[in-house]
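Okay, query-v4.csv now, which holds CSV, C-alpha atoms:
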```csv
chain,number,residue,atom,x,y,z
A,1,MET,CA,-16.6,-17.8,-2.9
A,2,THR,CA,-13.2,-16.1,-2.3
A,3,LYS,CA,-13.4,-12.4,-1.6
A,4,LYS,CA,-10.4,-10.3,-2.7
A,5,ILE,CA,-9.5,-7.1,-0.9
A,6,VAL,CA,-6.8,-4.8,-2.3
A,7,LYS,CA,-4.9,-2.5,0.1
A,8,VAL,CA,-2.7,0.3,-1.3
A,9,LYS,CA,-0.6,2.8,0.6
A,10,VAL,CA,0.8,5.8,-1.4
A,11,PRO,CA,3.1,8.5,-0.2
A,12,ALA,CA,2.7,12.3,-0.4
A,13,THR,CA,4.9,14.2,-2.8
A,14,THR,CA,6.4,17.6,-2.9
A,15,ALA,CA,7.1,18.9,-6.4
A,16,ASN,CA,9.4,21.6,-8.0
A,17,LEU,CA,11.7,22.0,-4.9
A,18,GLY,CA,12.3,25.6,-6.0
A,19,ALA,CA,14.1,25.7,-9.4
A,20,GLY,CA,12.9,22.3,-10.7
A,21,PHE,CA,9.6,23.5,-12.0
A,22,ASP,CA,7.5,20.6,-13.4
A,23,THR,CA,10.7,18.5,-13.2
A,24,PHE,CA,11.6,17.4,-9.6
A,25,GLY,CA,9.3,15.4,-7.3
A,26,LEU,CA,10.1,14.0,-3.9
A,27,ALA,CA,8.1,11.3,-1.9
A,28,LEU,CA,7.5,12.0,1.8
A,29,THR,CA,6.5,9.8,4.7
A,30,LEU,CA,2.9,10.9,4.8
A,31,TYR,CA,0.4,8.5,3.3
A,32,ASN,CA,-3.1,8.0,1.9
A,33,GLU,CA,-4.4,4.5,2.3
A,34,PHE,CA,-7.0,2.8,0.1
A,35,GLU,CA,-8.8,-0.5,0.9
A,36,VAL,CA,-11.2,-1.8,-1.8
A,37,GLU,CA,-13.3,-4.9,-2.7
A,38,GLU,CA,-15.8,-5.6,-5.4
A,39,ALA,CA,-19.4,-4.8,-4.7
A,40,ASP,CA,-22.8,-4.2,-6.4
A,41,GLY,CA,-22.8,-0.4,-6.3
A,42,VAL,CA,-20.3,2.1,-5.1
A,43,PHE,CA,-19.9,2.6,-1.4
A,44,ILE,CA,-17.2,5.0,-0.1
A,45,GLU,CA,-16.1,5.5,3.5
A,46,SER,CA,-13.6,8.4,3.9
A,47,TYR,CA,-11.6,9.1,7.1
A,48,PRO,CA,-11.7,11.8,8.1
A,49,GLU,CA,-15.2,12.5,6.7
A,50,ASN,CA,-15.1,14.2,3.3
A,51,GLU,CA,-18.5,14.6,1.5
A,52,PHE,CA,-16.8,15.6,-1.7
A,53,LEU,CA,-14.7,12.5,-1.9
A,54,LYS,CA,-17.6,10.3,-0.9
A,55,ASN,CA,-19.3,11.2,-4.2
A,56,PRO,CA,-18.2,8.6,-6.8
A,57,GLU,CA,-18.3,11.3,-9.5
A,58,ASN,CA,-15.6,13.2,-7.6
A,59,ASN,CA,-13.5,10.3,-6.3
A,60,LEU,CA,-10.4,9.8,-8.5
A,61,PHE,CA,-9.7,6.4,-7.2
A,62,ILE,CA,-13.1,5.1,-8.2
A,63,LYS,CA,-12.9,6.8,-11.6
A,64,VAL,CA,-9.5,5.2,-12.3
A,65,VAL,CA,-10.7,1.7,-11.2
A,66,LYS,CA,-13.8,2.0,-13.3
A,67,TYR,CA,-11.8,3.1,-16.3
A,68,LEU,CA,-9.5,0.1,-16.0
A,69,CYS,CA,-12.3,-2.3,-15.6
A,70,GLU,CA,-14.1,-1.0,-18.7
A,71,ALA,CA,-10.7,-1.0,-20.6
A,72,GLU,CA,-10.6,-4.7,-20.0
A,73,GLY,CA,-14.0,-5.1,-21.7
A,74,LYS,CA,-15.8,-5.7,-18.4
A,75,THR,CA,-18.8,-4.0,-16.8
A,76,PHE,CA,-18.0,-2.1,-13.7
A,77,HIS,CA,-20.6,-3.2,-11.1
A,78,GLY,CA,-19.2,-1.2,-8.2
A,79,ALA,CA,-16.7,-1.2,-5.3
A,80,LYS,CA,-16.6,-0.8,-1.6
A,81,LEU,CA,-13.9,1.6,-0.8
A,82,LYS,CA,-12.4,2.6,2.6
A,83,GLN,CA,-10.0,5.5,2.2
A,84,THR,CA,-7.8,7.1,4.9
A,85,ILE,CA,-6.8,10.6,3.8
A,86,ASN,CA,-3.8,11.9,5.8
A,87,ILE,CA,-2.6,14.1,3.0
A,88,PRO,CA,-4.6,17.4,2.8
A,89,VAL,CA,-6.4,18.1,-0.4
A,90,ALA,CA,-5.4,21.0,-2.7
A,91,ARG,CA,-2.3,21.9,-0.6
A,92,GLY,CA,0.5,21.0,-3.0
A,93,LEU,CA,1.3,17.6,-1.5
A,94,GLY,CA,0.1,15.3,-4.3
A,95,SER,CA,-3.1,14.1,-2.7
A,96,SER,CA,-4.7,13.6,-6.2
A,97,ALA,CA,-1.7,11.7,-7.4
A,98,THR,CA,-2.1,9.2,-4.6
A,99,ALA,CA,-5.6,8.4,-5.7
A,100,ILE,CA,-4.6,7.9,-9.3
A,101,VAL,CA,-1.6,5.8,-8.5
A,102,ALA,CA,-3.6,3.7,-6.0
A,103,GLY,CA,-6.4,3.2,-8.6
A,104,ILE,CA,-3.9,2.1,-11.3
A,105,LEU,CA,-2.1,-0.4,-9.0
A,106,THR,CA,-5.5,-1.8,-7.8
A,107,GLY,CA,-6.7,-2.3,-11.3
A,108,PHE,CA,-3.6,-4.0,-12.5
A,109,ALA,CA,-3.5,-6.2,-9.4
A,110,VAL,CA,-7.1,-7.3,-9.8
A,111,HIS,CA,-6.7,-8.1,-13.5
A,112,LYS,CA,-3.3,-9.7,-12.8
A,113,LYS,CA,-1.5,-7.7,-15.5
A,114,PRO,CA,2.1,-6.6,-15.3
A,115,LEU,CA,2.3,-2.8,-14.9
A,116,THR,CA,4.9,-1.3,-17.3
A,117,ASP,CA,5.9,2.3,-17.5
A,118,GLU,CA,4.0,2.6,-20.7
A,119,GLU,CA,0.8,1.2,-19.3
A,120,PHE,CA,1.1,3.3,-16.2
A,121,PHE,CA,1.5,6.6,-18.0
A,122,LYS,CA,-1.2,5.8,-20.6
A,123,VAL,CA,-3.8,5.6,-17.8
A,124,ALA,CA,-2.3,8.2,-15.4
A,125,TYR,CA,-2.1,11.0,-17.9
A,126,LEU,CA,-5.9,10.7,-18.6
A,127,PHE,CA,-6.3,12.0,-15.0
A,128,GLU,CA,-3.2,14.1,-14.3
A,129,PRO,CA,-0.4,15.2,-16.8
A,130,HIS,CA,2.3,15.8,-14.2
A,131,PRO,CA,5.0,13.0,-13.9
A,132,ASP,CA,6.8,15.0,-11.2
A,133,ASN,CA,3.9,14.2,-8.9
A,134,LEU,CA,2.9,10.8,-10.2
A,135,LEU,CA,6.3,9.2,-10.3
A,136,PRO,CA,7.5,9.7,-6.8
A,137,ALA,CA,4.1,8.6,-5.5
A,138,TRP,CA,4.6,5.4,-7.4
A,139,LYS,CA,8.3,4.8,-7.2
A,140,GLY,CA,9.3,6.8,-4.1
A,141,GLY,CA,12.4,9.0,-3.6
A,142,LEU,CA,13.6,12.0,-5.6
A,143,ILE,CA,12.8,11.8,-9.3
A,144,ALA,CA,13.6,14.1,-12.2
A,145,ALA,CA,11.1,13.6,-15.0
A,146,LEU,CA,10.1,15.1,-18.4
A,147,LYS,CA,7.2,14.3,-20.7
A,148,THR,CA,7.3,14.5,-24.5
A,149,GLU,CA,4.4,13.9,-26.8
A,150,ASP,CA,5.0,10.2,-26.9
A,151,LYS,CA,7.3,9.2,-24.0
A,152,THR,CA,8.1,10.0,-20.4
A,153,TYR,CA,11.8,10.0,-19.4
A,154,TYR,CA,12.8,9.9,-15.7
A,155,SER,CA,15.6,9.1,-13.3
A,156,LYS,CA,15.5,8.3,-9.6
A,157,ILE,CA,18.2,10.2,-7.7
A,158,ASP,CA,19.6,9.3,-4.3
A,159,PHE,CA,18.4,11.7,-1.6
A,160,PRO,CA,20.6,12.2,1.5
A,161,GLN,CA,19.1,10.6,4.5
A,162,GLU,CA,20.3,13.4,6.8
A,163,LEU,CA,17.8,15.8,5.3
A,164,LYS,CA,14.3,15.9,6.6
A,165,ALA,CA,11.4,17.8,5.2
A,166,VAL,CA,9.5,20.3,7.3
A,167,VAL,CA,6.1,20.9,5.6
A,168,VAL,CA,4.0,23.8,6.8
A,169,ILE,CA,0.4,23.4,5.8
A,170,PRO,CA,-1.8,26.6,6.0
A,171,ASP,CA,-5.5,26.4,6.6
A,172,PHE,CA,-6.6,27.2,3.1
A,173,GLU,CA,-6.8,25.3,-0.2
A,174,LEU,CA,-5.1,26.4,-3.4
A,175,SER,CA,-6.2,24.7,-6.6
A,176,THR,CA,-3.6,23.8,-9.2
A,177,GLU,CA,-5.8,25.5,-11.8
A,178,LEU,CA,-5.6,28.8,-10.0
A,179,ALA,CA,-1.9,28.4,-9.2
A,180,ARG,CA,-1.2,27.8,-12.9
A,181,SER,CA,-3.5,30.7,-14.1
A,182,VAL,CA,-1.1,33.3,-12.6
A,183,LEU,CA,1.9,32.0,-14.5
A,184,PRO,CA,3.1,34.0,-17.6
A,185,LYS,CA,2.9,32.5,-21.0
A,186,GLU,CA,6.5,33.7,-21.7
A,187,ILE,CA,9.5,34.4,-19.5
A,188,PRO,CA,12.7,36.3,-20.1
A,189,LEU,CA,15.8,34.3,-21.3
A,190,LYS,CA,17.7,35.4,-18.2
A,191,ASP,CA,15.0,33.8,-16.0
A,192,ALA,CA,15.3,30.5,-17.9
A,193,VAL,CA,19.1,30.6,-17.4
A,194,PHE,CA,18.7,31.4,-13.8
A,195,ASN,CA,16.6,28.3,-13.2
A,196,ILE,CA,18.7,25.9,-15.3
A,197,GLN,CA,21.7,26.9,-13.3
A,198,ARG,CA,20.0,26.4,-10.0
A,199,ALA,CA,18.3,23.1,-10.9
A,200,SER,CA,21.6,21.7,-12.0
A,201,LEU,CA,23.3,22.9,-8.9
A,202,PHE,CA,20.5,21.4,-6.7
A,203,ILE,CA,21.3,17.9,-8.0
A,204,ARG,CA,25.0,18.2,-7.5
A,205,ALA,CA,24.5,19.7,-4.1
A,206,LEU,CA,22.6,16.7,-3.0
A,207,GLN,CA,25.0,14.2,-4.6
A,208,GLU,CA,28.0,15.9,-2.9
A,209,LYS,CA,26.1,16.7,0.3
A,210,ARG,CA,27.0,20.3,-0.2
A,211,PHE,CA,24.0,21.4,1.8
A,212,ASP,CA,25.4,25.0,2.0
A,213,LEU,CA,24.5,25.3,-1.7
A,214,LEU,CA,20.8,24.5,-1.3
A,215,LYS,CA,19.7,28.0,-0.4
A,216,VAL,CA,20.8,29.4,-3.7
A,217,ALA,CA,20.0,26.2,-5.6
A,218,MET,CA,16.3,26.4,-4.5
A,219,GLU,CA,15.8,30.0,-5.7
A,220,ASP,CA,13.3,30.3,-8.6
A,221,ARG,CA,12.1,32.7,-11.2
A,222,LEU,CA,9.6,30.6,-13.1
A,223,HIS,CA,6.7,30.1,-10.8
A,224,GLN,CA,7.2,31.3,-7.2
A,225,PRO,CA,7.4,35.0,-7.9
A,226,TYR,CA,4.0,34.8,-9.6
A,227,ARG,CA,2.4,32.4,-7.1
A,228,LYS,CA,3.5,34.1,-3.9
A,229,SER,CA,0.7,36.6,-4.3
A,230,LEU,CA,-1.6,33.7,-3.5
A,231,ILE,CA,0.3,32.8,-0.3
A,232,PRO,CA,0.0,35.4,2.5
A,233,ASN,CA,3.4,36.3,4.0
A,234,PHE,CA,5.2,34.0,1.4
A,235,ASP,CA,8.6,35.8,1.7
A,236,LYS,CA,8.4,36.0,5.5
A,237,VAL,CA,7.7,32.2,5.7
A,238,ILE,CA,10.8,31.5,3.6
A,239,GLN,CA,12.9,34.0,5.6
A,240,TYR,CA,11.8,32.6,9.0
A,241,ALA,CA,12.7,29.1,7.8
A,242,TYR,CA,16.3,30.2,7.0
A,243,ASP,CA,16.6,32.3,10.1
A,244,SER,CA,15.7,29.1,12.1
A,245,GLY,CA,18.3,26.9,10.4
A,246,ALA,CA,16.8,25.5,7.2
A,247,VAL,CA,19.2,24.7,4.5
A,248,GLY,CA,16.6,25.1,1.7
A,249,ALA,CA,13.0,26.4,1.4
A,250,SER,CA,10.4,26.7,-1.3
A,251,LEU,CA,6.7,26.4,-2.2
A,252,SER,CA,5.5,22.7,-2.2
A,253,GLY,CA,4.1,21.9,-5.6
A,254,ALA,CA,1.6,24.6,-6.5
A,255,GLY,CA,1.0,25.4,-2.8
A,256,SER,CA,-0.4,26.3,-0.4
A,257,THR,CA,2.0,24.2,1.6
A,258,MET,CA,5.5,25.5,2.2
A,259,LEU,CA,8.6,23.3,2.4
A,260,ALA,CA,11.8,23.5,4.3
A,261,LEU,CA,14.8,21.1,4.0
A,262,ALA,CA,16.8,20.8,7.2
A,263,LEU,CA,19.5,18.8,9.0
A,264,ASP,CA,18.3,19.8,12.6
A,265,ASN,CA,16.2,22.3,14.4
A,266,PHE,CA,13.1,20.8,12.8
A,267,ASP,CA,10.6,21.9,15.3
A,268,LYS,CA,12.1,25.4,15.6
A,269,ILE,CA,11.8,25.8,11.8
A,270,GLY,CA,8.3,24.5,11.7
A,271,GLN,CA,7.2,26.8,14.6
A,272,ALA,CA,8.8,29.8,13.0
A,273,MET,CA,7.1,29.2,9.6
A,274,VAL,CA,3.8,28.7,11.4
A,275,SER,CA,4.3,32.0,13.2
A,276,ALA,CA,4.9,33.8,9.8
A,277,PHE,CA,1.5,32.6,8.6
A,278,SER,CA,0.0,33.5,11.9
A,279,GLU,CA,1.2,37.1,11.5
A,280,ALA,CA,-0.9,37.2,8.3
A,281,GLY,CA,-3.9,35.9,10.2
A,282,ILE,CA,-3.5,32.3,8.7
A,283,ASN,CA,-3.7,29.2,10.9
A,284,ALA,CA,-1.1,26.6,9.9
A,285,LYS,CA,0.4,23.4,11.2
A,286,TYR,CA,3.8,21.7,10.5
A,287,LEU,CA,4.9,18.1,10.0
A,288,VAL,CA,8.5,16.8,10.1
A,289,LEU,CA,8.8,14.1,7.5
A,290,ASP,CA,11.5,11.8,6.1
A,291,VAL,CA,11.8,10.9,2.4
A,292,ASP,CA,9.9,7.8,1.4
A,293,THR,CA,12.3,5.8,-0.8
A,294,GLU,CA,10.0,2.8,-1.7
A,295,GLY,CA,6.9,4.4,-3.1
A,296,ALA,CA,3.4,2.8,-3.2
A,297,LYS,CA,2.8,-0.6,-1.7
A,298,VAL,CA,0.1,-3.0,-2.7
A,299,GLU,CA,-1.3,-5.9,-0.6
A,300,ILE,CA,-3.9,-8.4,-1.8
A,301,ILE,CA,-5.9,-10.3,0.8
A,302,GLU,CA,-8.1,-13.2,-0.1
A,303,LYS,CA,-10.9,-14.2,2.4
```

The structure in this file should be written as structure tokens.
Amino acid sequence: MTKKIVKVKVPATTANLGAGFDTFGLALTLYNEFEVEEADGVFIESYPENEFLKNPENNLFIKVVKYLCEAEGKTFHGAKLKQTINIPVARGLGSSATAIVAGILTGFAVHKKPLTDEEFFKVAYLFEPHPDNLLPAWKGGLIAALKTEDKTYYSKIDFPQELKAVVVIPDFELSTELARSVLPKEIPLKDAVFNIQRASLFIRALQEKRFDLLKVAMEDRLHQPYRKSLIPNFDKVIQYAYDSGAVGASLSGAGSTMLALALDNFDKIGQAMVSAFSEAGINAKYLVLDVDTEGAKVEIIEK
């Protein structure tokens, strides 16, 4: 009997990029990998070891695959999953989106169904309502997205290859729920205008390679001023990034990771941002990443 193994590799994402709150998302060359085959019962190997993710009740990939199986009118008997988690959990780098995207791609590959945008969002939004994370994990690159009650609109935008992302990952988790709980229900009109201007400028700065504009274009008044209370030495981390040569800097998603965009001096920038966290008694590490332009990849092996 032929045994089918599905392998999926999904990139990390960094959302918001300053002014583009709940709008911009960018895929990065850091990946979670999932290898799954049918089994009687659920068996999860997680590398590195993660007891939380080894529990099927907590594992988003298993939950998505189970949902899709039952949506086809079939009984979910189980799966043997081997997952390699390189993207830290609850750090603002889209780790949960990788599991959702991988689960959807696996389900559609196994059932040999074409995956349309409509089908993707119908399933994905049951598990996460944020297209700015989901879309770049699926499609790659820089994406601007919005979600209405009945449709998701998005566009993939060329991202300059010269720019690299320096991501600084502090040694503490920050849940999206907590990061959203500190946001106000209403904002002043002047703050809305402030962000519209900068988000628009951000796109044009990238298109024209006017990297000198990114510092102002990545300023924000919708979420970072409220979330920075959750990130020790937030302002200093940003300042050290610019002092070391970054052309743009912001919180990555809901945090706790911080992001710098740069043309050079990548290690210097990363080390400076790490030192800013260190001054607040927080251990951190940095990675220098390129932009992933291709998105998630699926491979089906038959044995």

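If all atoms listed in the file are the atoms counted, then among A:Leu126, A:Gly107, A:Leu135, A:Glu279 the closest residue to A:Gly295 is A:Leu135.
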
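The nearest approach to A:Thr98 among the residues A:Arg204, A:Lys268, A:Arg227, A:Lys297, with all atoms listed in the file taken into account, belongs to A:Lys297.
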
Residues within 8 Å of A:Glu38, all atoms listed in the file, excluding chain neighbours under 5 positions, as a VMD selection string: chain A and resid 4 to 5 77 to 80

Selection: 6 Å around stretch 157-169 of chain A, all atoms listed in the file, excl. self and same-chain fewer than 4 positions, as a PyMOL selection string: chain A and resi 142-143+257-263+284-290

Same residues, C-alpha atoms, output as a PDB file, keeping the file's coordinate frame:
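That gives us out-v8.pdb:
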```
ATOM      1  CA  LEU A 142      13.600  12.000  -5.600  1.00  0.00           C
ATOM      2  CA  ILE A 143      12.800  11.800  -9.300  1.00  0.00           C
ATOM      3  CA  THR A 257       2.000  24.200   1.600  1.00  0.00           C
ATOM      4  CA  MET A 258       5.500  25.500   2.200  1.00  0.00           C
ATOM      5  CA  LEU A 259       8.600  23.300   2.400  1.00  0.00           C
ATOM      6  CA  ALA A 260      11.800  23.500   4.300  1.00  0.00           C
ATOM      7  CA  LEU A 261      14.800  21.100   4.000  1.00  0.00           C
ATOM      8  CA  ALA A 262      16.800  20.800   7.200  1.00  0.00           C
ATOM      9  CA  LEU A 263      19.500  18.800   9.000  1.00  0.00           C
ATOM     10  CA  ALA A 284      -1.100  26.600   9.900  1.00  0.00           C
ATOM     11  CA  LYS A 285       0.400  23.400  11.200  1.00  0.00           C
ATOM     12  CA  TYR A 286       3.800  21.700  10.500  1.00  0.00           C
ATOM     13  CA  LEU A 287       4.900  18.100  10.000  1.00  0.00           C
ATOM     14  CA  VAL A 288       8.500  16.800  10.100  1.00  0.00           C
ATOM     15  CA  LEU A 289       8.800  14.100   7.500  1.00  0.00           C
ATOM     16  CA  ASP A 290      11.500  11.800   6.100  1.00  0.00           C
TER      17      ASP A 290
END
```

Of the listed residues A:Tyr47, A:Trp138, A:Phe121, A:Phe127, that which approaches A:Lys156 most closely, counting only C-alpha atoms: A:Trp138

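Nearest to A:Val298 of all the residues A:Tyr154, A:Phe34, A:Tyr240, A:Phe24 is A:Phe34, based on all atoms listed in the file.
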
From A:Ile187, A:Ala246, A:Leu93, A:Ile300, residue lying nearest A:Asp212 [all atoms listed in the file]: A:Ala246

Nearest to A:Ser229 by atom-to-atom distance, counting all atoms listed in the file, from A:Asn55, A:Val182, A:Gly270, A:Leu189: A:Val182

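For the pair atom CA of A:Gly248 and atom CA of A:Gly18, the separation is 8.8 Å.
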
Separation of atom CA of A:Thr23 from atom CA of A:Gly253 in Å: 10.6 Å

Point (-1.9, 24.7, -9.7), cut-off 10 Å, counting all atoms listed in the file, residues as a ChimeraX atom specification: /A:90-92,174-183,227,253-256

Just to be explicit: take each residue in the selection above, keep C-alpha atoms, and write the result as a PDB file, in the coordinates of the input.
```
ATOM      1  CA  ALA A  90      -5.400  21.000  -2.700  1.00  0.00           C
ATOM      2  CA  ARG A  91      -2.300  21.900  -0.600  1.00  0.00           C
ATOM      3  CA  GLY A  92       0.500  21.000  -3.000  1.00  0.00           C
ATOM      4  CA  LEU A 174      -5.100  26.400  -3.400  1.00  0.00           C
ATOM      5  CA  SER A 175      -6.200  24.700  -6.600  1.00  0.00           C
ATOM      6  CA  THR A 176      -3.600  23.800  -9.200  1.00  0.00           C
ATOM      7  CA  GLU A 177      -5.800  25.500 -11.800  1.00  0.00           C
ATOM      8  CA  LEU A 178      -5.600  28.800 -10.000  1.00  0.00           C
ATOM      9  CA  ALA A 179      -1.900  28.400  -9.200  1.00  0.00           C
ATOM     10  CA  ARG A 180      -1.200  27.800 -12.900  1.00  0.00           C
ATOM     11  CA  SER A 181      -3.500  30.700 -14.100  1.00  0.00           C
ATOM     12  CA  VAL A 182      -1.100  33.300 -12.600  1.00  0.00           C
ATOM     13  CA  LEU A 183       1.900  32.000 -14.500  1.00  0.00           C
ATOM     14  CA  ARG A 227       2.400  32.400  -7.100  1.00  0.00           C
ATOM     15  CA  GLY A 253       4.100  21.900  -5.600  1.00  0.00           C
ATOM     16  CA  ALA A 254       1.600  24.600  -6.500  1.00  0.00           C
ATOM     17  CA  GLY A 255       1.000  25.400  -2.800  1.00  0.00           C
ATOM     18  CA  SER A 256      -0.400  26.300  -0.400  1.00  0.00           C
TER      19      SER A 256
END
```

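Reported to one decimal place, the separation of atom CA of A:Asn133 from atom CA of A:His111 is 25.1 Å.
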